[in-house]
file run_14.cif (mmCIF, C-alpha atoms, pLDDT in the B column; chains and numbers go by the auth columns)
data_query
loop_
_atom_site.group_PDB
_atom_site.id
_atom_site.type_symbol
_atom_site.label_atom_id
_atom_site.label_comp_id
_atom_site.label_asym_id
_atom_site.label_seq_id
_atom_site.Cartn_x
_atom_site.Cartn_y
_atom_site.Cartn_z
_atom_site.B_iso_or_equiv
_atom_site.auth_seq_id
_atom_site.auth_asym_id
ATOM 1 C CA VAL A 1 -3.238 13.626 -1.637 63.00 11 A
ATOM 2 C CA ALA A 2 -3.716 15.843 -4.690 71.00 12 A
ATOM 3 C CA LEU A 3 -5.442 13.231 -6.869 69.00 13 A
ATOM 4 C CA PRO A 4 -8.483 12.601 -4.615 76.00 14 A
ATOM 5 C CA VAL A 5 -8.912 16.349 -4.147 70.00 15 A
ATOM 6 C CA LEU A 6 -8.779 17.005 -7.903 72.00 16 A
ATOM 7 C CA LEU A 7 -11.336 14.259 -8.542 68.00 17 A
ATOM 8 C CA ALA A 8 -13.657 15.690 -5.909 67.00 18 A
ATOM 9 C CA LEU A 9 -13.432 19.088 -7.579 66.00 19 A
ATOM 10 C CA MET A 10 -13.691 17.934 -11.190 70.00 20 A
ATOM 11 C CA ALA A 11 -16.140 15.005 -11.050 63.00 21 A
ATOM 12 C CA PRO A 12 -19.342 17.106 -11.334 61.00 22 A
ATOM 13 C CA HIS A 13 -17.934 19.008 -14.321 62.00 23 A
ATOM 14 C CA MET A 14 -16.852 15.726 -15.901 61.00 24 A
ATOM 15 C CA VAL A 15 -20.385 14.352 -15.572 58.00 25 A
ATOM 16 C CA GLN A 16 -21.929 17.491 -17.102 60.00 26 A
ATOM 17 C CA ASP A 17 -19.549 17.275 -20.051 63.00 27 A
ATOM 18 C CA LEU A 18 -20.205 13.569 -20.569 56.00 28 A
ATOM 19 C CA GLN A 19 -23.964 14.014 -20.338 56.00 29 A
ATOM 20 C CA HIS A 20 -23.792 16.898 -22.799 62.00 30 A
ATOM 21 C CA ARG A 21 -22.162 14.594 -25.330 63.00 31 A
ATOM 22 C CA ALA A 22 -25.048 12.126 -24.864 58.00 32 A
ATOM 23 C CA ASP A 23 -22.824 9.125 -25.438 61.00 33 A
ATOM 24 C CA PRO A 24 -24.866 5.928 -24.810 64.00 34 A
ATOM 25 C CA SER A 25 -21.971 4.045 -23.216 64.00 35 A
ATOM 26 C CA THR A 26 -21.221 6.940 -20.851 62.00 36 A
ATOM 27 C CA THR A 27 -24.880 7.241 -19.876 65.00 37 A
ATOM 28 C CA ALA A 28 -25.012 3.517 -19.161 69.00 38 A
ATOM 29 C CA LEU A 29 -21.887 3.795 -17.000 67.00 39 A
ATOM 30 C CA LEU A 30 -23.285 6.638 -14.913 67.00 40 A
ATOM 31 C CA HIS A 31 -26.609 4.926 -14.358 70.00 41 A
ATOM 32 C CA GLY A 32 -24.834 1.656 -13.651 71.00 42 A
ATOM 33 C CA LEU A 33 -22.925 3.287 -10.815 73.00 43 A
ATOM 34 C CA THR A 34 -26.111 4.539 -9.196 69.00 44 A
ATOM 35 C CA ARG A 35 -27.495 0.983 -9.266 74.00 45 A
ATOM 36 C CA LEU A 36 -24.663 -0.284 -7.081 76.00 46 A
ATOM 37 C CA PRO A 37 -25.744 -0.596 -3.431 77.00 47 A
ATOM 38 C CA ASP A 38 -23.131 1.859 -2.159 77.00 48 A
ATOM 39 C CA PHE A 39 -24.136 4.534 -4.691 75.00 49 A
ATOM 40 C CA SER A 40 -27.906 4.049 -4.853 74.00 50 A
ATOM 41 C CA GLY A 41 -29.911 7.208 -4.378 74.00 51 A
ATOM 42 C CA LEU A 42 -27.042 9.461 -5.440 72.00 52 A
ATOM 43 C CA SER A 43 -26.973 11.758 -8.437 72.00 53 A
ATOM 44 C CA PRO A 44 -24.766 10.660 -11.349 69.00 54 A
ATOM 45 C CA GLY A 45 -22.211 13.351 -10.481 69.00 55 A
ATOM 46 C CA GLU A 46 -21.956 12.418 -6.828 74.00 56 A
ATOM 47 C CA GLY A 47 -21.945 8.712 -7.655 75.00 57 A
ATOM 48 C CA LEU A 48 -19.064 9.116 -10.099 76.00 58 A
ATOM 49 C CA ALA A 49 -17.136 11.270 -7.629 78.00 59 A
ATOM 50 C CA ARG A 50 -17.495 8.697 -4.852 81.00 60 A
ATOM 51 C CA TYR A 51 -16.540 5.829 -7.155 81.00 61 A
ATOM 52 C CA LEU A 52 -13.432 7.620 -8.406 81.00 62 A
ATOM 53 C CA LEU A 53 -12.476 8.498 -4.833 85.00 63 A
ATOM 54 C CA ARG A 54 -12.764 4.857 -3.864 85.00 64 A
ATOM 55 C CA ALA A 55 -10.516 3.896 -6.763 83.00 65 A
ATOM 56 C CA THR A 56 -7.866 6.407 -5.667 86.00 66 A
ATOM 57 C CA ALA A 57 -7.477 4.588 -2.350 86.00 67 A
ATOM 58 C CA GLY A 58 -5.212 2.227 -4.264 83.00 68 A
ATOM 59 C CA MET A 59 -2.759 5.083 -4.776 84.00 69 A
ATOM 60 C CA PHE A 60 -1.966 4.947 -1.077 88.00 70 A
ATOM 61 C CA LEU A 61 -0.661 1.417 -1.599 88.00 71 A
ATOM 62 C CA LEU A 62 2.202 2.753 -3.697 86.00 72 A
ATOM 63 C CA MET A 63 3.616 4.692 -0.743 87.00 73 A
ATOM 64 C CA PRO A 64 4.356 1.570 1.348 86.00 74 A
ATOM 65 C CA ILE A 65 6.184 0.011 -1.605 84.00 75 A
ATOM 66 C CA ALA A 66 8.428 3.042 -2.125 83.00 76 A
ATOM 67 C CA ILE A 67 9.134 3.921 1.498 88.00 77 A
ATOM 68 C CA ALA A 68 9.319 0.461 3.059 87.00 78 A
ATOM 69 C CA SER A 69 11.690 -0.879 0.415 83.00 79 A
ATOM 70 C CA THR A 70 14.111 2.017 0.923 83.00 80 A
ATOM 71 C CA ALA A 71 14.060 1.743 4.719 83.00 81 A
ATOM 72 C CA ALA A 72 14.399 -2.030 4.733 83.00 82 A
ATOM 73 C CA ALA A 73 17.261 -1.980 2.227 79.00 83 A
ATOM 74 C CA PHE A 74 19.448 -0.225 4.795 79.00 84 A
ATOM 75 C CA SER A 75 18.258 -2.344 7.716 77.00 85 A
ATOM 76 C CA ILE A 76 21.028 -4.939 7.376 76.00 86 A
ATOM 77 C CA VAL A 77 23.479 -4.088 4.612 75.00 87 A
ATOM 78 C CA GLY A 78 23.454 -0.392 5.565 73.00 88 A
ATOM 79 C CA GLU A 79 24.390 -1.176 9.147 75.00 89 A
ATOM 80 C CA LYS A 80 27.019 -3.600 7.929 72.00 90 A
ATOM 81 C CA GLN A 81 28.659 -0.844 5.913 73.00 91 A
ATOM 82 C CA GLN A 82 28.583 1.454 8.941 75.00 92 A
ATOM 83 C CA HIS A 83 29.973 -1.303 11.174 72.00 93 A
ATOM 84 C CA THR A 84 27.025 -1.096 13.562 73.00 94 A
ATOM 85 C CA LEU A 85 25.511 -4.499 12.823 73.00 95 A
ATOM 86 C CA GLU A 86 28.196 -6.741 14.307 72.00 96 A
ATOM 87 C CA PRO A 87 27.680 -5.567 17.932 77.00 97 A
ATOM 88 C CA ILE A 88 23.952 -6.236 17.564 78.00 98 A
ATOM 89 C CA LEU A 89 24.508 -9.719 16.158 74.00 99 A
ATOM 90 C CA ALA A 90 26.898 -10.511 18.992 75.00 100 A
ATOM 91 C CA THR A 91 24.174 -9.898 21.606 78.00 101 A
ATOM 92 C CA PRO A 92 22.049 -12.792 22.929 81.00 102 A
ATOM 93 C CA ILE A 93 18.848 -11.646 21.172 84.00 103 A
ATOM 94 C CA THR A 94 17.311 -14.259 18.907 88.00 104 A
ATOM 95 C CA ASP A 95 17.106 -13.989 15.127 86.00 105 A
ATOM 96 C CA ARG A 96 13.333 -13.641 15.433 90.00 106 A
ATOM 97 C CA GLN A 97 13.667 -10.687 17.796 90.00 107 A
ATOM 98 C CA LEU A 98 16.297 -9.038 15.612 88.00 108 A
ATOM 99 C CA LEU A 99 14.278 -9.362 12.410 90.00 109 A
ATOM 100 C CA LEU A 100 11.073 -8.282 14.132 93.00 110 A
ATOM 101 C CA GLY A 101 12.792 -5.131 15.352 91.00 111 A
ATOM 102 C CA LYS A 102 14.155 -4.428 11.872 89.00 112 A
ATOM 103 C CA LEU A 103 10.688 -4.998 10.407 93.00 113 A
ATOM 104 C CA LEU A 104 8.981 -2.627 12.838 93.00 114 A
ATOM 105 C CA ALA A 105 11.661 0.022 12.262 90.00 115 A
ATOM 106 C CA SER A 106 11.025 -0.155 8.507 90.00 116 A
ATOM 107 C CA VAL A 107 7.227 -0.404 8.576 94.00 117 A
ATOM 108 C CA GLY A 108 6.516 2.098 11.374 94.00 118 A
ATOM 109 C CA PRO A 109 7.591 5.282 9.550 92.00 119 A
ATOM 110 C CA THR A 110 6.047 3.997 6.329 93.00 120 A
ATOM 111 C CA VAL A 111 2.654 3.515 7.946 95.00 121 A
ATOM 112 C CA ALA A 112 2.874 6.890 9.695 95.00 122 A
ATOM 113 C CA VAL A 113 3.519 8.735 6.418 94.00 123 A
ATOM 114 C CA THR A 114 0.769 6.795 4.623 94.00 124 A
ATOM 115 C CA TRP A 115 -1.765 7.502 7.348 95.00 125 A
ATOM 116 C CA ALA A 116 -0.829 11.189 7.460 94.00 126 A
ATOM 117 C CA ALA A 117 -1.283 11.516 3.691 92.00 127 A
ATOM 118 C CA GLY A 118 -4.571 9.615 3.834 92.00 128 A
ATOM 119 C CA LEU A 119 -5.884 11.761 6.682 93.00 129 A
ATOM 120 C CA ALA A 120 -4.977 14.945 4.818 92.00 130 A
ATOM 121 C CA ALA A 121 -6.793 13.701 1.692 89.00 131 A
ATOM 122 C CA ILE A 122 -9.868 12.738 3.722 92.00 132 A
ATOM 123 C CA LEU A 123 -10.082 16.128 5.422 92.00 133 A
ATOM 124 C CA ILE A 124 -9.689 18.145 2.217 89.00 134 A
ATOM 125 C CA VAL A 125 -12.111 15.998 0.189 87.00 135 A
ATOM 126 C CA ASN A 126 -14.742 16.217 2.930 89.00 136 A
ATOM 127 C CA ILE A 127 -14.348 19.986 3.030 89.00 137 A
ATOM 128 C CA VAL A 128 -14.917 20.129 -0.744 84.00 138 A
ATOM 129 C CA PHE A 129 -18.050 17.962 -0.510 83.00 139 A
ATOM 130 C CA ALA A 130 -19.416 19.884 2.488 86.00 140 A
ATOM 131 C CA SER A 131 -18.918 23.200 0.673 85.00 141 A
ATOM 132 C CA ARG A 132 -21.243 21.900 -2.063 79.00 142 A
ATOM 133 C CA GLY A 133 -23.924 20.789 0.370 80.00 143 A
ATOM 134 C CA MET A 134 -23.217 17.063 -0.092 80.00 144 A
ATOM 135 C CA ALA A 135 -22.623 14.431 2.550 82.00 145 A
ATOM 136 C CA THR A 136 -18.959 13.830 3.313 85.00 146 A
ATOM 137 C CA PRO A 137 -17.850 10.626 1.526 86.00 147 A
ATOM 138 C CA LEU A 138 -14.697 9.680 3.422 86.00 148 A
ATOM 139 C CA PRO A 139 -13.594 7.567 5.068 87.00 149 A
ATOM 140 C CA ASP A 140 -15.855 4.841 3.734 89.00 150 A
ATOM 141 C CA ARG A 141 -15.319 1.186 4.599 91.00 151 A
ATOM 142 C CA PHE A 142 -13.054 0.636 1.594 92.00 152 A
ATOM 143 C CA TRP A 143 -10.715 3.490 2.536 92.00 153 A
ATOM 144 C CA THR A 144 -10.725 2.309 6.155 94.00 154 A
ATOM 145 C CA VAL A 145 -9.572 -1.206 5.278 94.00 155 A
ATOM 146 C CA VAL A 146 -7.034 -0.007 2.704 93.00 156 A
ATOM 147 C CA LEU A 147 -5.412 2.556 4.996 94.00 157 A
ATOM 148 C CA LEU A 148 -5.598 0.760 8.341 95.00 158 A
ATOM 149 C CA PHE A 149 -4.934 -2.824 7.277 95.00 159 A
ATOM 150 C CA LEU A 150 -3.968 -3.406 3.631 93.00 160 A
ATOM 151 C CA ALA A 151 -1.359 -0.636 3.414 93.00 161 A
ATOM 152 C CA PRO A 152 0.520 -1.781 6.583 95.00 162 A
ATOM 153 C CA ALA A 153 0.288 -5.408 5.449 94.00 163 A
ATOM 154 C CA LEU A 154 1.699 -4.528 2.036 92.00 164 A
ATOM 155 C CA ALA A 155 4.440 -2.440 3.650 92.00 165 A
ATOM 156 C CA ALA A 156 5.413 -5.433 5.800 94.00 166 A
ATOM 157 C CA ALA A 157 5.512 -7.734 2.770 91.00 167 A
ATOM 158 C CA VAL A 158 7.725 -5.344 0.814 89.00 168 A
ATOM 159 C CA ALA A 159 9.987 -4.797 3.829 90.00 169 A
ATOM 160 C CA LEU A 160 10.386 -8.530 4.411 91.00 170 A
ATOM 161 C CA VAL A 161 11.308 -9.183 0.778 88.00 171 A
ATOM 162 C CA THR A 162 13.784 -6.315 0.853 87.00 172 A
ATOM 163 C CA MET A 163 15.271 -7.443 4.181 86.00 173 A
ATOM 164 C CA ARG A 164 15.921 -10.863 2.706 84.00 174 A
ATOM 165 C CA LEU A 165 17.678 -9.285 -0.258 83.00 175 A
ATOM 166 C CA SER A 166 19.550 -6.926 2.066 79.00 176 A
ATOM 167 C CA ALA A 167 20.934 -9.847 4.048 74.00 177 A
ATOM 168 C CA LYS A 168 22.463 -11.232 0.847 74.00 178 A
ATOM 169 C CA SER A 169 23.634 -7.943 -0.654 70.00 179 A
ATOM 170 C CA SER A 170 26.546 -5.595 -0.133 69.00 180 A
ATOM 171 C CA ASP A 171 24.979 -2.492 -1.732 71.00 181 A
ATOM 172 C CA PRO A 172 21.821 -0.794 -0.367 68.00 182 A
ATOM 173 C CA GLN A 173 21.041 0.914 -3.673 73.00 183 A
ATOM 174 C CA ALA A 174 21.219 -2.375 -5.544 74.00 184 A
ATOM 175 C CA THR A 175 18.910 -3.892 -2.950 75.00 185 A
ATOM 176 C CA VAL A 176 16.313 -1.146 -3.489 71.00 186 A
ATOM 177 C CA GLN A 177 16.443 -1.620 -7.254 74.00 187 A
ATOM 178 C CA THR A 178 16.210 -5.395 -7.013 77.00 188 A
ATOM 179 C CA SER A 179 13.272 -5.289 -4.608 74.00 189 A
ATOM 180 C CA ALA A 180 11.471 -2.805 -6.881 72.00 190 A
ATOM 181 C CA LEU A 181 11.952 -5.135 -9.839 74.00 191 A
ATOM 182 C CA ALA A 182 10.655 -8.028 -7.761 72.00 192 A
ATOM 183 C CA VAL A 183 7.622 -6.304 -6.201 75.00 193 A
ATOM 184 C CA LEU A 184 6.344 -3.599 -8.568 74.00 194 A
ATOM 185 C CA PRO A 185 5.541 -5.795 -11.618 73.00 195 A
ATOM 186 C CA VAL A 186 3.595 -8.240 -9.444 71.00 196 A
ATOM 187 C CA PHE A 187 1.722 -5.409 -7.716 75.00 197 A
ATOM 188 C CA MET A 188 0.817 -3.661 -10.983 75.00 198 A
ATOM 189 C CA LEU A 189 -0.331 -6.944 -12.536 71.00 199 A
ATOM 190 C CA LEU A 190 -2.592 -7.698 -9.575 73.00 200 A
ATOM 191 C CA ILE A 191 -4.051 -4.176 -9.672 77.00 201 A
ATOM 192 C CA ALA A 192 -4.687 -4.463 -13.416 73.00 202 A
ATOM 193 C CA VAL A 193 -6.447 -7.823 -13.011 69.00 203 A
ATOM 194 C CA PHE A 194 -8.294 -7.370 -9.719 72.00 204 A
ATOM 195 C CA GLY A 195 -8.365 -3.572 -9.254 78.00 205 A
ATOM 196 C CA ARG A 196 -11.956 -3.040 -10.367 78.00 206 A
ATOM 197 C CA LEU A 197 -13.212 -5.979 -8.301 82.00 207 A
ATOM 198 C CA LEU A 198 -11.582 -4.542 -5.187 84.00 208 A
ATOM 199 C CA THR A 199 -13.386 -1.206 -5.688 84.00 209 A
ATOM 200 C CA VAL A 200 -16.888 -2.701 -5.936 83.00 210 A
ATOM 201 C CA SER A 201 -16.704 -5.812 -3.745 88.00 211 A
ATOM 202 C CA PHE A 202 -15.958 -5.286 -0.070 91.00 212 A
ATOM 203 C CA PRO A 203 -15.657 -9.053 0.657 93.00 213 A
ATOM 204 C CA ALA A 204 -13.042 -9.296 -2.116 91.00 214 A
ATOM 205 C CA LEU A 205 -11.078 -6.488 -0.469 92.00 215 A
ATOM 206 C CA LEU A 206 -11.205 -8.307 2.885 94.00 216 A
ATOM 207 C CA VAL A 207 -10.014 -11.525 1.248 92.00 217 A
ATOM 208 C CA ALA A 208 -7.140 -9.681 -0.448 91.00 218 A
ATOM 209 C CA THR A 209 -6.127 -8.103 2.857 93.00 219 A
ATOM 210 C CA GLY A 210 -6.188 -11.460 4.628 94.00 220 A
ATOM 211 C CA PHE A 211 -4.142 -13.001 1.828 93.00 221 A
ATOM 212 C CA VAL A 212 -1.449 -10.330 2.153 92.00 222 A
ATOM 213 C CA LEU A 213 -1.346 -10.888 5.924 95.00 223 A
ATOM 214 C CA LEU A 214 -0.779 -14.611 5.356 95.00 224 A
ATOM 215 C CA ILE A 215 2.038 -13.745 2.943 93.00 225 A
ATOM 216 C CA ASP A 216 3.560 -11.566 5.674 94.00 226 A
ATOM 217 C CA LEU A 217 3.575 -14.462 8.125 96.00 227 A
ATOM 218 C CA ALA A 218 5.112 -16.808 5.551 95.00 228 A
ATOM 219 C CA LEU A 219 7.795 -14.288 4.566 93.00 229 A
ATOM 220 C CA PHE A 220 8.710 -13.545 8.175 95.00 230 A
ATOM 221 C CA ARG A 221 9.021 -17.239 8.972 95.00 231 A
ATOM 222 C CA MET A 222 11.184 -17.780 5.873 92.00 232 A
ATOM 223 C CA ASN A 223 13.422 -14.849 6.826 90.00 233 A
ATOM 224 C CA VAL A 224 13.930 -16.232 10.334 90.00 234 A
ATOM 225 C CA ILE A 225 14.732 -19.708 9.035 90.00 235 A
ATOM 226 C CA ARG A 226 17.203 -18.500 6.404 86.00 236 A
ATOM 227 C CA PHE A 227 18.887 -15.797 8.465 82.00 237 A
ATOM 228 C CA ARG A 228 22.506 -16.747 9.195 77.00 238 A
ATOM 229 C CA ARG A 229 24.164 -14.376 11.624 71.00 239 A
ATOM 230 C CA GLU A 230 27.370 -16.438 11.600 69.00 240 A
ATOM 231 C CA GLU A 231 27.815 -15.843 7.875 62.00 241 A
ATOM 232 C CA ILE A 232 27.271 -12.130 8.335 64.00 242 A
ATOM 233 C CA LEU A 233 29.777 -11.956 11.164 60.00 243 A
ATOM 234 C CA THR A 234 32.498 -13.979 9.422 61.00 244 A
ATOM 235 C CA ASN A 235 32.093 -13.600 5.667 55.00 245 A
ATOM 236 C CA TRP A 236 31.152 -9.974 5.027 54.00 246 A
ATOM 237 C CA LYS A 237 33.961 -7.582 4.319 51.00 247 A
#

call {"tool": "encode", "arguments": {"input": "run_14.cif", "output": "structure tokens"}}
result
Amino acid sequence: VALPVLLALMAPHMVQDLQHRADPSTTALLHGLTRLPDFSGLSPGEGLARYLLRATAGMFLLMPIAIASTAAAFSIVGEKQQHTLEPILATPITDRQLLLGKLLASVGPTVAVTWAAGLAAILIVNIVFASRGMATPLPDRFWTVVLLFLAPALAAAVALVTMRLSAKSSDPQATVQTSALAVLPVFMLLIAVFGRLLTVSFPALLVATGFVLLIDLALFRMNVIRFRREEILTNWK
């Protein structure tokens, strides 16, 4: 929440400082932003502020990774340690129903916290812009897709990976660490390679969101196929 607000406050001063230095590369960057369709007609300061705000939407994708992995790590192995999983597995519910319930229990709070943080950032940033006589910038279409669709989809993907590890583990903390090692490097690599494209190309953002949703479906299907309640009931100590 703090980063978008700080950028909204500091962007005009940053532009004044950069223009005062008269650096050719900086001048080209500022004018290049105003030539983009979404920033055309804006002053260099407002254009930079809106571009930086759009880039910070990616920060709200880190929250699903942190929260969903922790919640999902306890979804199976945590209940096993507390001896509350066996009665559930002994009921006639299917593996699909069980895993879907675990997934929703892990993703629901994650999405709620992410949306609350995003809403708070939107409100404060808009207040800052309105106080300066500028049009409120948020939520734009990029923030809308990131918060409403990409963040929940990423939370589901992280939760499904962690649930799979949880079903094979006997230590929730080890599961959280393993899932972080499995997910974070891939996420940071993708952001480093495609991050700029996703901030300037709305179709690319839609494609990325659809791709994550397809990964969710594949991971859920794999979890259902590989889930073995008999092993959990008989082999875990």

call {"tool": "atom_distance", "arguments": {"input": "run_14.cif", "atom1": "atom CA of Ile98 of chain A", "atom2": "atom CA of Leu110 of chain A"}}
result
13.5 Å

call {"tool": "closest_residue", "arguments": {"input": "run_14.cif", "among": "A:Met173, A:Val193, A:Val135, A:Leu109", "to": "Val234 of chain A", "atoms": "all atoms listed in the file"}}
result
A:Leu109

call {"tool": "axis_aligned_box", "arguments": {"input": "run_14.cif", "around": "segment 231-239 of chain A", "padding_each_side": "4 Å", "output": "JSON"}}
result
{"center_x": 16.6, "center_y": -17.0, "center_z": 8.7, "size_x": 23.1, "size_y": 13.3, "size_z": 13.8}

call {"tool": "closest_residue", "arguments": {"input": "run_14.cif", "among": "A:Leu208, A:Ala59, A:Ala82, A:Leu99", "to": "Met20 of chain A", "atoms": "all atoms listed in the file"}}
result
A:Ala59

call {"tool": "atom_distance", "arguments": {"input": "run_14.cif", "atom1": "atom CA of Val87 of chain A", "atom2": "atom CA of Ser176 of chain A"}}
result
5.5 Å

call {"tool": "atom_distance", "arguments": {"input": "run_14.cif", "atom1": "atom CA of Arg45 of chain A", "atom2": "atom CA of Phe204 of chain A"}}
result
20.9 Å
